[in-house]
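Chemist: I am sharing work00.pdb, which consists of PDB, C-alpha atoms and all ligand atoms:
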ATOM      1  CA  MET A   1     103.910-208.640 194.722  1.00  0.00           C
ATOM      2  CA  THR A   2     101.416-211.422 193.985  1.00  0.00           C
ATOM      3  CA  SER A   3     101.197-210.993 190.240  1.00  0.00           C
ATOM      4  CA  THR A   4     103.321-213.117 187.953  1.00  0.00           C
ATOM      5  CA  PRO A   5     106.271-211.485 186.197  1.00  0.00           C
ATOM      6  CA  GLN A   6     104.391-211.872 182.877  1.00  0.00           C
ATOM      7  CA  SER A   7     101.340-209.864 183.965  1.00  0.00           C
ATOM      8  CA  ALA A   8     103.584-207.289 185.610  1.00  0.00           C
ATOM      9  CA  SER A   9     105.319-206.741 182.301  1.00  0.00           C
ATOM     10  CA  ALA A  10     101.928-206.558 180.551  1.00  0.00           C
ATOM     11  CA  LEU A  11     100.832-203.850 183.009  1.00  0.00           C
ATOM     12  CA  ALA A  12     104.054-201.943 182.487  1.00  0.00           C
ATOM     13  CA  SER A  13     103.513-202.138 178.721  1.00  0.00           C
ATOM     14  CA  LEU A  14      99.893-200.990 179.045  1.00  0.00           C
ATOM     15  CA  ARG A  15     101.027-197.851 180.823  1.00  0.00           C
ATOM     16  CA  LYS A  16     103.440-196.895 178.063  1.00  0.00           C
ATOM     17  CA  ALA A  17     101.812-198.355 174.965  1.00  0.00           C
ATOM     18  CA  ARG A  18      99.476-196.656 172.493  1.00  0.00           C
ATOM     19  CA  LEU A  19      97.668-198.384 169.667  1.00  0.00           C
ATOM     20  CA  LEU A  20      98.106-195.916 166.789  1.00  0.00           C
ATOM     21  CA  ALA A  21      96.597-197.655 163.799  1.00  0.00           C
ATOM     22  CA  ILE A  22      95.285-200.915 162.411  1.00  0.00           C
ATOM     23  CA  VAL A  23      96.038-201.544 158.750  1.00  0.00           C
ATOM     24  CA  ALA A  24      95.933-204.371 156.209  1.00  0.00           C
ATOM     25  CA  VAL A  25      98.032-205.420 153.245  1.00  0.00           C
ATOM     26  CA  SER A  26      97.474-208.102 150.654  1.00  0.00           C
ATOM     27  CA  PRO A  27      98.556-211.641 151.698  1.00  0.00           C
ATOM     28  CA  GLU A  28     101.462-211.685 149.207  1.00  0.00           C
ATOM     29  CA  HIS A  29     102.860-208.532 150.848  1.00  0.00           C
ATOM     30  CA  ARG A  30     102.593-209.769 154.409  1.00  0.00           C
ATOM     31  CA  VAL A  31     104.948-208.145 156.916  1.00  0.00           C
ATOM     32  CA  ALA A  32     106.820-209.685 159.821  1.00  0.00           C
ATOM     33  CA  CYS A  33     105.143-209.463 163.229  1.00  0.00           C
ATOM     34  CA  GLN A  34     107.475-207.589 165.581  1.00  0.00           C
ATOM     35  CA  SER A  35     106.051-209.024 168.775  1.00  0.00           C
ATOM     36  CA  PRO A  36     109.031-210.345 170.777  1.00  0.00           C
ATOM     37  CA  GLY A  37     109.866-213.872 169.630  1.00  0.00           C
ATOM     38  CA  CYS A  38     107.226-214.044 166.842  1.00  0.00           C
ATOM     39  CA  GLY A  39     108.298-212.982 163.354  1.00  0.00           C
ATOM     40  CA  HIS A  40     105.298-214.542 161.572  1.00  0.00           C
ATOM     41  CA  GLY A  41     104.035-212.909 158.410  1.00  0.00           C
ATOM     42  CA  VAL A  42     100.829-210.923 159.033  1.00  0.00           C
ATOM     43  CA  TYR A  43      98.569-209.072 156.568  1.00  0.00           C
ATOM     44  CA  ALA A  44      95.097-208.524 158.069  1.00  0.00           C
ATOM     45  CA  ALA A  45      94.479-206.351 161.125  1.00  0.00           C
ATOM     46  CA  ILE A  46      98.108-205.370 161.460  1.00  0.00           C
ATOM     47  CA  HIS A  47      98.369-203.417 164.723  1.00  0.00           C
ATOM     48  CA  ILE A  48     100.831-200.541 164.799  1.00  0.00           C
ATOM     49  CA  VAL A  49     101.736-199.778 168.410  1.00  0.00           C
ATOM     50  CA  GLU A  50     103.945-197.169 169.991  1.00  0.00           C
ATOM     51  CA  ASP A  51     105.479-198.919 172.949  1.00  0.00           C
ATOM     52  CA  ALA A  52     108.098-197.267 175.160  1.00  0.00           C
ATOM     53  CA  GLY A  53     108.935-194.840 172.386  1.00  0.00           C
ATOM     54  CA  GLN A  54     109.277-197.606 169.799  1.00  0.00           C
ATOM     55  CA  LEU A  55     106.968-198.341 166.854  1.00  0.00           C
ATOM     56  CA  LEU A  56     105.934-201.987 166.640  1.00  0.00           C
ATOM     57  CA  VAL A  57     103.982-203.797 163.923  1.00  0.00           C
ATOM     58  CA  MET A  58     102.070-206.798 165.262  1.00  0.00           C
ATOM     59  CA  GLY A  59      99.498-209.322 164.229  1.00  0.00           C
ATOM     60  CA  SER A  60      96.183-209.147 166.069  1.00  0.00           C
ATOM     61  CA  THR A  61      96.811-212.417 167.916  1.00  0.00           C
ATOM     62  CA  CYS A  62     100.174-211.266 169.264  1.00  0.00           C
ATOM     63  CA  PHE A  63      98.729-207.868 170.123  1.00  0.00           C
ATOM     64  CA  ALA A  64      95.951-209.424 172.215  1.00  0.00           C
ATOM     65  CA  LYS A  65      98.366-211.821 173.857  1.00  0.00           C
ATOM     66  CA  HIS A  66     100.919-209.131 174.648  1.00  0.00           C
ATOM     67  CA  TYR A  67      98.559-206.454 175.963  1.00  0.00           C
ATOM     68  CA  GLY A  68      95.933-208.709 177.500  1.00  0.00           C
ATOM     69  CA  GLY A  69      93.121-208.395 174.985  1.00  0.00           C
ATOM     70  CA  ALA A  70      92.142-207.133 171.546  1.00  0.00           C
ATOM     71  CA  LEU A  71      90.668-203.968 173.086  1.00  0.00           C
ATOM     72  CA  ALA A  72      93.247-203.522 175.842  1.00  0.00           C
ATOM     73  CA  LEU A  73      94.530-200.254 174.320  1.00  0.00           C
ATOM     74  CA  GLY A  74      91.163-199.026 173.086  1.00  0.00           C
ATOM     75  CA  MET A  75      90.488-197.650 169.630  1.00  0.00           C
ATOM     76  CA  PRO A  76      93.440-196.833 167.362  1.00  0.00           C
ATOM     77  CA  ALA A  77      94.531-193.225 167.870  1.00  0.00           C
ATOM     78  CA  TYR A  78      94.244-192.513 164.118  1.00  0.00           C
ATOM     79  CA  SER A  79      91.029-194.444 163.536  1.00  0.00           C
ATOM     80  CA  ALA A  80      89.423-191.486 161.761  1.00  0.00           C
ATOM     81  CA  GLY A  81      92.326-191.402 159.287  1.00  0.00           C
ATOM     82  CA  GLY A  82      94.139-194.175 157.454  1.00  0.00           C
ATOM     83  CA  GLY A  83      94.556-196.213 160.637  1.00  0.00           C
ATOM     84  CA  ASN A  84      91.035-197.601 160.547  1.00  0.00           C
ATOM     85  CA  GLY A  85      91.879-201.116 159.379  1.00  0.00           C
ATOM     86  CA  ARG A  86      91.711-200.462 155.655  1.00  0.00           C
ATOM     87  CA  MET A  87      93.918-201.994 152.999  1.00  0.00           C
ATOM     88  CA  LEU A  88      97.021-199.866 152.418  1.00  0.00           C
ATOM     89  CA  THR A  89      97.864-198.469 149.010  1.00  0.00           C
ATOM     90  CA  GLU A  90     101.155-199.623 147.496  1.00  0.00           C
ATOM     91  CA  ALA A  91     102.866-196.368 148.522  1.00  0.00           C
ATOM     92  CA  GLU A  92     101.523-196.700 152.055  1.00  0.00           C
ATOM     93  CA  ARG A  93     102.652-200.332 152.234  1.00  0.00           C
ATOM     94  CA  LEU A  94     106.186-199.332 151.255  1.00  0.00           C
ATOM     95  CA  ALA A  95     106.079-196.612 153.891  1.00  0.00           C
ATOM     96  CA  LEU A  96     104.911-199.157 156.466  1.00  0.00           C
ATOM     97  CA  VAL A  97     107.945-201.312 155.711  1.00  0.00           C
ATOM     98  CA  HIS A  98     110.587-198.604 155.259  1.00  0.00           C
ATOM     99  CA  ASN A  99     109.344-195.572 157.181  1.00  0.00           C
ATOM    100  CA  THR A 100     106.550-196.440 159.600  1.00  0.00           C
ATOM    101  CA  ALA A 101     106.869-193.071 161.329  1.00  0.00           C
ATOM    102  CA  ALA A 102     106.150-191.190 158.090  1.00  0.00           C
ATOM    103  CA  LEU A 103     103.111-193.389 157.414  1.00  0.00           C
ATOM    104  CA  LEU A 104     101.812-192.655 160.906  1.00  0.00           C
ATOM    105  CA  ALA A 105     102.412-188.929 160.494  1.00  0.00           C
ATOM    106  CA  ALA A 106     100.236-189.049 157.375  1.00  0.00           C
ATOM    107  CA  PHE A 107      97.558-191.019 159.249  1.00  0.00           C
ATOM    108  CA  LYS A 108      97.647-188.489 162.087  1.00  0.00           C
ATOM    109  CA  ALA A 109      97.181-185.594 159.653  1.00  0.00           C
ATOM    110  CA  GLU A 110      94.215-187.400 158.029  1.00  0.00           C
ATOM    111  CA  HIS A 111      92.762-188.185 161.432  1.00  0.00           C
ATOM    112  CA  ASP A 112      93.130-184.614 162.709  1.00  0.00           C
ATOM    113  CA  GLN A 113      91.510-183.216 159.591  1.00  0.00           C
ATOM    114  CA  ALA A 114      88.621-185.693 159.747  1.00  0.00           C
ATOM    115  CA  MET A 115      88.040-184.813 163.404  1.00  0.00           C
ATOM    116  CA  ALA A 116      88.167-181.069 162.680  1.00  0.00           C
ATOM    117  CA  GLU A 117      85.619-181.511 159.886  1.00  0.00           C
ATOM    118  CA  ALA A 118      83.364-183.607 162.107  1.00  0.00           C
ATOM    119  CA  ASN A 119      83.567-180.967 164.836  1.00  0.00           C
ATOM    120  CA  ALA A 120      82.744-178.213 162.345  1.00  0.00           C
ATOM    121  CA  ARG A 121      79.704-180.188 161.167  1.00  0.00           C
ATOM    122  CA  LEU A 122      78.561-180.685 164.766  1.00  0.00           C
ATOM    123  CA  LYS A 123      78.990-176.977 165.480  1.00  0.00           C
ATOM    124  CA  GLN A 124      77.034-176.026 162.357  1.00  0.00           C
ATOM    125  CA  ALA A 125      74.254-178.448 163.256  1.00  0.00           C
ATOM    126  CA  SER A 126      74.040-177.051 166.769  1.00  0.00           C
ATOM    127  CA  GLU A 127      73.960-173.495 165.420  1.00  0.00           C
ATOM    128  CA  ARG A 128      71.150-174.443 163.049  1.00  0.00           C
ATOM    129  CA  ARG A 129      69.272-175.982 165.985  1.00  0.00           C
ATOM    130  CA  ALA A 130      69.828-172.809 168.013  1.00  0.00           C
ATOM    131  CA  GLN A 131      68.431-170.720 165.174  1.00  0.00           C
ATOM    132  CA  ARG A 132      65.274-172.827 165.158  1.00  0.00           C
ATOM    133  CA  MET A 133      64.755-172.324 168.904  1.00  0.00           C
ATOM    134  CA  PRO A 134      61.433-170.595 169.574  1.00  0.00           C
ATOM    135  CA  PHE A 135      62.978-168.069 171.960  1.00  0.00           C
ATOM    136  CA  ARG A 136      65.043-166.608 169.170  1.00  0.00           C
ATOM    137  CA  LEU A 137      62.774-164.271 167.249  1.00  0.00           C
ATOM    138  CA  PRO A 138      62.962-164.596 163.493  1.00  0.00           C
ATOM    139  CA  ALA A 139      63.818-161.500 161.538  1.00  0.00           C
ATOM    140  CA  PRO A 140      60.589-159.561 160.901  1.00  0.00           C
ATOM    141  CA  PRO A 141      59.326-159.880 157.331  1.00  0.00           C
ATOM    142  CA  PRO A 142      59.933-156.791 155.229  1.00  0.00           C
ATOM    143  CA  ARG A 143      56.887-154.525 155.427  1.00  0.00           C
ATOM    144  CA  ALA A 144      55.692-151.874 153.108  1.00  0.00           C
ATOM    145  CA  PRO A 145      56.018-148.550 154.907  1.00  0.00           C
ATOM    146  CA  THR A 146      52.732-147.409 156.439  1.00  0.00           C
ATOM    147  CA  PRO A 147      51.422-144.477 154.409  1.00  0.00           C
ATOM    148  CA  THR A 148      51.613-141.170 156.187  1.00  0.00           C
ATOM    149  CA  HIS A 149      48.541-140.158 158.116  1.00  0.00           C
ATOM    150  CA  PRO A 150      46.578-138.071 155.622  1.00  0.00           C
ATOM    151  CA  TRP A 151      44.556-136.004 158.134  1.00  0.00           C
ATOM    152  CA  PRO A 152      46.894-134.024 160.407  1.00  0.00           C
ATOM    153  CA  TRP A 153      43.840-132.012 161.410  1.00  0.00           C
ATOM    154  CA  GLN A 154      41.912-135.079 162.641  1.00  0.00           C
ATOM    155  CA  HIS A 155      40.477-135.089 166.177  1.00  0.00           C
ATOM    156  CA  SER A 156      43.046-136.778 168.427  1.00  0.00           C
ATOM    157  CA  THR A 157      40.621-139.003 170.363  1.00  0.00           C
ATOM    158  CA  ASN A 158      37.470-139.213 168.235  1.00  0.00           C
ATOM    159  CA  ASN A 159      39.501-140.847 165.521  1.00  0.00           C
ATOM    160  CA  SER A 160      37.053-143.364 164.102  1.00  0.00           C
ATOM    161  CA  VAL A 161      36.284-142.779 160.450  1.00  0.00           C
ATOM    162  CA  ALA A 162      33.603-144.133 158.099  1.00  0.00           C
ATOM    163  CA  VAL A 163      33.731-144.957 154.416  1.00  0.00           C
ATOM    164  CA  VAL A 164      30.803-144.538 152.044  1.00  0.00           C
ATOM    165  CA  ARG A 165      30.773-145.065 148.286  1.00  0.00           C
ATOM    166  CA  SER A 166      28.819-143.445 145.531  1.00  0.00           C
ATOM    167  CA  PRO A 167      26.949-145.671 143.036  1.00  0.00           C
ATOM    168  CA  GLU A 168      29.902-145.044 140.707  1.00  0.00           C
ATOM    169  CA  GLY A 169      32.323-146.322 143.327  1.00  0.00           C
ATOM    170  CA  GLN A 170      33.830-143.025 144.455  1.00  0.00           C
ATOM    171  CA  ALA A 171      34.721-143.287 148.149  1.00  0.00           C
ATOM    172  CA  TRP A 172      34.239-140.558 150.753  1.00  0.00           C
ATOM    173  CA  ILE A 173      35.598-140.793 154.236  1.00  0.00           C
ATOM    174  CA  ARG A 174      33.948-139.193 157.231  1.00  0.00           C
ATOM    175  CA  VAL A 175      36.671-137.799 159.483  1.00  0.00           C
ATOM    176  CA  GLN A 176      36.111-135.767 162.645  1.00  0.00           C
ATOM    177  CA  HIS A 177      38.006-132.463 162.730  1.00  0.00           C
ATOM    178  CA  SER A 178      39.959-131.469 165.823  1.00  0.00           C
ATOM    179  CA  ASN A 179      37.397-128.644 166.247  1.00  0.00           C
ATOM    180  CA  GLY A 180      34.685-131.296 166.733  1.00  0.00           C
ATOM    181  CA  SER A 181      32.915-130.891 163.406  1.00  0.00           C
ATOM    182  CA  GLN A 182      32.768-133.550 160.689  1.00  0.00           C
ATOM    183  CA  ARG A 183      34.431-133.603 157.301  1.00  0.00           C
ATOM    184  CA  LEU A 184      33.716-135.722 154.229  1.00  0.00           C
ATOM    185  CA  VAL A 185      36.998-136.388 152.433  1.00  0.00           C
ATOM    186  CA  PRO A 186      36.928-137.496 148.783  1.00  0.00           C
ATOM    187  CA  TRP A 187      39.127-140.607 148.472  1.00  0.00           C
ATOM    188  CA  PRO A 188      40.921-140.276 146.244  1.00  0.00           C
ATOM    189  CA  ALA A 189      40.599-136.548 145.681  1.00  0.00           C
ATOM    190  CA  PHE A 190      39.332-135.693 142.214  1.00  0.00           C
ATOM    191  CA  GLU A 191      38.660-132.629 140.197  1.00  0.00           C
ATOM    192  CA  GLY A 192      35.258-131.164 141.043  1.00  0.00           C
ATOM    193  CA  TRP A 193      34.947-132.867 144.448  1.00  0.00           C
ATOM    194  CA  GLU A 194      33.664-129.538 145.861  1.00  0.00           C
ATOM    195  CA  TYR A 195      30.373-129.895 143.976  1.00  0.00           C
ATOM    196  CA  ALA A 196      30.041-133.668 143.669  1.00  0.00           C
ATOM    197  CA  LEU A 197      27.669-134.138 146.637  1.00  0.00           C
ATOM    198  CA  PRO A 198      24.303-132.504 147.335  1.00  0.00           C
ATOM    199  CA  PRO A 199      24.731-129.059 148.965  1.00  0.00           C
ATOM    200  CA  SER A 200      23.036-130.372 152.134  1.00  0.00           C
ATOM    201  CA  CYS A 201      26.157-132.489 152.773  1.00  0.00           C
ATOM    202  CA  GLY A 202      28.271-129.432 153.377  1.00  0.00           C
ATOM    203  CA  ALA A 203      30.474-126.711 151.946  1.00  0.00           C
ATOM    204  CA  PRO A 204      34.036-127.142 150.683  1.00  0.00           C
ATOM    205  CA  ASP A 205      36.764-126.629 153.264  1.00  0.00           C
ATOM    206  CA  HIS A 206      39.677-125.939 150.936  1.00  0.00           C
ATOM    207  CA  GLU A 207      42.190-125.888 153.721  1.00  0.00           C
ATOM    208  CA  VAL A 208      41.697-129.615 154.355  1.00  0.00           C
ATOM    209  CA  LYS A 209      40.313-130.474 150.889  1.00  0.00           C
ATOM    210  CA  ALA A 210      37.076-131.889 152.295  1.00  0.00           C
ATOM    211  CA  LEU A 211      33.458-130.942 152.780  1.00  0.00           C
ATOM    212  CA  ALA A 212      32.651-129.339 156.134  1.00  0.00           C
ATOM    213  CA  VAL A 213      29.499-131.200 157.164  1.00  0.00           C
ATOM    214  CA  PRO A 214      26.988-129.244 159.283  1.00  0.00           C
ATOM    215  CA  ASN A 215      24.955-132.347 160.234  1.00  0.00           C
ATOM    216  CA  ILE A 216      26.542-135.716 159.606  1.00  0.00           C
ATOM    217  CA  VAL A 217      23.338-137.706 160.305  1.00  0.00           C
ATOM    218  CA  THR A 218      21.360-135.734 157.744  1.00  0.00           C
ATOM    219  CA  ALA A 219      24.223-135.919 155.260  1.00  0.00           C
ATOM    220  CA  MET A 220      24.552-139.694 155.553  1.00  0.00           C
ATOM    221  CA  LEU A 221      20.794-140.212 155.200  1.00  0.00           C
ATOM    222  CA  GLY A 222      20.781-137.985 152.124  1.00  0.00           C
ATOM    223  CA  LEU A 223      23.626-139.965 150.587  1.00  0.00           C
ATOM    224  CA  ARG A 224      21.853-143.278 151.316  1.00  0.00           C
ATOM    225  CA  MET A 225      18.786-141.957 149.467  1.00  0.00           C
ATOM    226  CA  ILE A 226      20.812-141.303 146.309  1.00  0.00           C
ATOM    227  CA  GLY A 227      22.392-144.763 146.338  1.00  0.00           C
ATOM    228  CA  PHE A 228      25.486-144.428 148.502  1.00  0.00           C
ATOM    229  CA  THR A 229      26.574-147.465 150.550  1.00  0.00           C
ATOM    230  CA  GLN A 230      26.086-147.864 154.291  1.00  0.00           C
ATOM    231  CA  PRO A 231      29.000-146.325 156.192  1.00  0.00           C
ATOM    232  CA  GLU A 232      31.787-148.741 157.101  1.00  0.00           C
ATOM    233  CA  VAL A 233      33.434-147.630 160.312  1.00  0.00           C
ATOM    234  CA  SER A 234      37.202-147.957 160.671  1.00  0.00           C
ATOM    235  CA  ARG A 235      40.250-145.924 161.689  1.00  0.00           C
ATOM    236  CA  TRP A 236      43.666-145.079 160.285  1.00  0.00           C
ATOM    237  CA  PRO A 237      45.526-147.068 159.006  1.00  0.00           C
ATOM    238  CA  ASP A 238      43.048-149.997 159.065  1.00  0.00           C
ATOM    239  CA  VAL A 239      40.813-148.017 156.751  1.00  0.00           C
ATOM    240  CA  LEU A 240      43.315-148.748 153.979  1.00  0.00           C
ATOM    241  CA  ARG A 241      41.764-152.203 153.804  1.00  0.00           C
ATOM    242  CA  LEU A 242      38.570-150.538 152.607  1.00  0.00           C
ATOM    243  CA  VAL A 243      40.112-147.954 150.296  1.00  0.00           C
ATOM    244  CA  PRO A 244      43.271-148.064 148.213  1.00  0.00           C
ATOM    245  CA  PRO A 245      46.385-146.788 150.011  1.00  0.00           C
ATOM    246  CA  ALA A 246      47.615-145.176 146.805  1.00  0.00           C
ATOM    247  CA  ALA A 247      44.951-142.559 147.391  1.00  0.00           C
ATOM    248  CA  THR A 248      47.168-140.890 150.006  1.00  0.00           C
ATOM    249  CA  LYS A 249      49.471-139.858 147.146  1.00  0.00           C
ATOM    250  CA  ALA A 250      46.561-138.295 145.321  1.00  0.00           C
ATOM    251  CA  LEU A 251      45.845-136.205 148.402  1.00  0.00           C
ATOM    252  CA  ALA A 252      49.437-135.156 148.997  1.00  0.00           C
TER     253      ALA A 252
HETATM  254 ZN    ZN B   1     103.199-212.215 166.065  1.00  0.00          ZN
END
Since I need it in another form, could you write the structure as structure tokens?
Ligand SMILES: [Zn+2]
Modeler:
Amino acid sequence: MTSTPQSASALASLRKARLLAIVAVSPEHRVACQSPGCGHGVYAAIHIVEDAGQLLVMGSTCFAKHYGGALALGMPAYSAGGGNGRMLTEAERLALVHNTAALLAAFKAEHDQAMAEANARLKQASERRAQRMPFRLPAPPPRAPTPTHPWPWQHSTNNSVAVVRSPEGQAWIRVQHSNGSQRLVPWPAFEGWEYALPPSCGAPDHEVKALAVPNIVTAMLGLRMIGFTQPEVSRWPDVLRLVPPAATKALA
């Protein structure tokens, strides 16, 4: 054993000792330092130590001397509570003098609660970060339901359509029938649609509420000559960008 008896005792103390809190009181309420052989009045940076099962109140100088440095025992165990060096309230000061264990129990409760709250904040922050991660898909925005396909009789593969408009703004949609022929659908449907276009455009097909067009090229040319617009080609449901979707209701 090469170490001096003094440092051996300091090492033994280090193994058993815990710095629980650092507190302060006003100078007129100074308390006696309990470091062996001291007894001086101390008021700032009062160290409360648990040493070999005993609670000791010490001045910072005696603490450093006894344990081998101001930071020898690390941070106070209740540093997140009342043991963080702050000035004690009058009630706390009385507890320090008369019931140090009760004061420390209160500090421990404060500390534990502060730590739990800090942990909860950290967890919330990390959850918020996780929610912002690009790999987590955001909830899809609410979408208006796509209107039902209005032409159950439409050709399954030749499904392009074309919109033309009369000079008055009435739209007609060219739709290919599953039997290969073309139809001109009034959009929206209106009373008298059967006779609204020149007879060369076709005859009414009441089953599908559209004109059955014998020759679509001739019909389109004829419509152009009486002021109809150029056909705009589209398909369902994109065509709803050219004509109002509400029209599906009118057809239903
Ligand atoms: Zn002392």
Chemist: Please identify all protein, DNA and RNA residues within 10 Å of ligand ZN 1 (chain B), counting all atoms listed in the file, and report them as a list in words.
Modeler: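 Those residues are Ala32, Cys33, Gln34, Ser35, Pro36, Gly37, Cys38, Gly39, His40, Gly41, Val42, Ile46, Val57, Met58, Gly59, Ser60, Thr61, Cys62, Phe63, Ala64, Lys65 and His66 of chain A.
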Chemist: Have a look at atom CA of A:Thr218 and atom CA of A:Cys201 and let me know their distance in Å, one decimal.
Modeler: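 So the two atoms, atom CA of A:Thr218 and atom CA of A:Cys201, lie 7.6 Å apart.
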Chemist: Tell me which residues the PyMOL selection byres (((chain A and resi 88) around 7) and not hetatm) grabs here, as a PyMOL selection string.
Modeler: chain A and resi 23-25+86-87+89-90+92-93
Chemist: If you keep C-alpha atoms, can you produce a file of those selected residues as a CSV table (one decimal), keeping the file's coordinate frame?
Modeler:
chain,number,residue,atom,x,y,z
A,23,VAL,CA,96.0,-201.5,158.8
A,24,ALA,CA,95.9,-204.4,156.2
A,25,VAL,CA,98.0,-205.4,153.2
A,86,ARG,CA,91.7,-200.5,155.7
A,87,MET,CA,93.9,-202.0,153.0
A,89,THR,CA,97.9,-198.5,149.0
A,90,GLU,CA,101.2,-199.6,147.5
A,92,GLU,CA,101.5,-196.7,152.1
A,93,ARG,CA,102.7,-200.3,152.2
Chemist: Applied to this file, what does the PyMOL selection byres (((chain A and resi 109) around 12) and not hetatm) return in terms of residues, put as a PyMOL selection string?
Modeler: chain A and resi 77-83+102-108+110-116
Chemist: Name the residues in contact with stretch 164-172 of chain A at a cut-off of 9 Å, using only C-alpha atoms, excluding same-chain residues fewer than 6 positions from it; report them as a PDB file with C-alpha atoms, in the coordinates of the input.
Modeler:
ATOM      1  CA  LEU A 184      33.716-135.722 154.229  1.00  0.00           C
ATOM      2  CA  VAL A 185      36.998-136.388 152.433  1.00  0.00           C
ATOM      3  CA  PRO A 186      36.928-137.496 148.783  1.00  0.00           C
ATOM      4  CA  TRP A 187      39.127-140.607 148.472  1.00  0.00           C
ATOM      5  CA  PRO A 188      40.921-140.276 146.244  1.00  0.00           C
ATOM      6  CA  MET A 220      24.552-139.694 155.553  1.00  0.00           C
ATOM      7  CA  LEU A 223      23.626-139.965 150.587  1.00  0.00           C
ATOM      8  CA  ILE A 226      20.812-141.303 146.309  1.00  0.00           C
ATOM      9  CA  GLY A 227      22.392-144.763 146.338  1.00  0.00           C
ATOM     10  CA  PHE A 228      25.486-144.428 148.502  1.00  0.00           C
ATOM     11  CA  THR A 229      26.574-147.465 150.550  1.00  0.00           C
ATOM     12  CA  GLN A 230      26.086-147.864 154.291  1.00  0.00           C
ATOM     13  CA  PRO A 231      29.000-146.325 156.192  1.00  0.00           C
ATOM     14  CA  GLU A 232      31.787-148.741 157.101  1.00  0.00           C
ATOM     15  CA  VAL A 243      40.112-147.954 150.296  1.00  0.00           C
TER      16      VAL A 243
END
Chemist: With the PyMOL selection byres (((chain A and resi 157) around 12) and not hetatm) as the selection, what would be picked from this file? Answer as a count of residues only, please.
Modeler: 15
Chemist: Restricting the calculation to only C-alpha atoms: of A:Pro76, A:Gly69, A:Gly202, A:Gly85, which residue gets closest to A:Ala45?
Modeler: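 Result for the nearest residue to A:Ala45: A:Gly85.
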Chemist: Select, from A:Leu19, A:Ala130, A:Ile48, A:Leu197, the residue with the minimum atom-to-atom distance to A:Val31, counting all atoms listed in the file.
Modeler: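 Checking each candidate against A:Val31, we get A:Ile48 as the closest.
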Chemist: Between A:Gly74, A:Pro140, A:Pro152, A:Gly53, single out the one closest to A:Trp236, counting all atoms listed in the file.
Modeler: A:Pro152
Chemist: Can you work out the spacing between atom CA of A:Ile216 and atom CA of A:Thr148 in Å, to one decimal?
Modeler: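 For atom CA of A:Ile216 relative to atom CA of A:Thr148, the distance reads 25.9 Å.
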Chemist: Select, from A:Leu56, A:Met225, A:Leu73, A:Ala210, the residue with the minimum atom-to-atom distance to A:Ala196, counting all atoms listed in the file.
Modeler: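 Distance minimum relative to A:Ala196 lands on A:Ala210.
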Chemist: Rank nothing, just name the residue among A:Arg143, A:His149, A:Arg128, A:His206 nearest to A:Asp238, using only C-alpha atoms.
Modeler: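 Smallest distance to A:Asp238 is found for A:His149.
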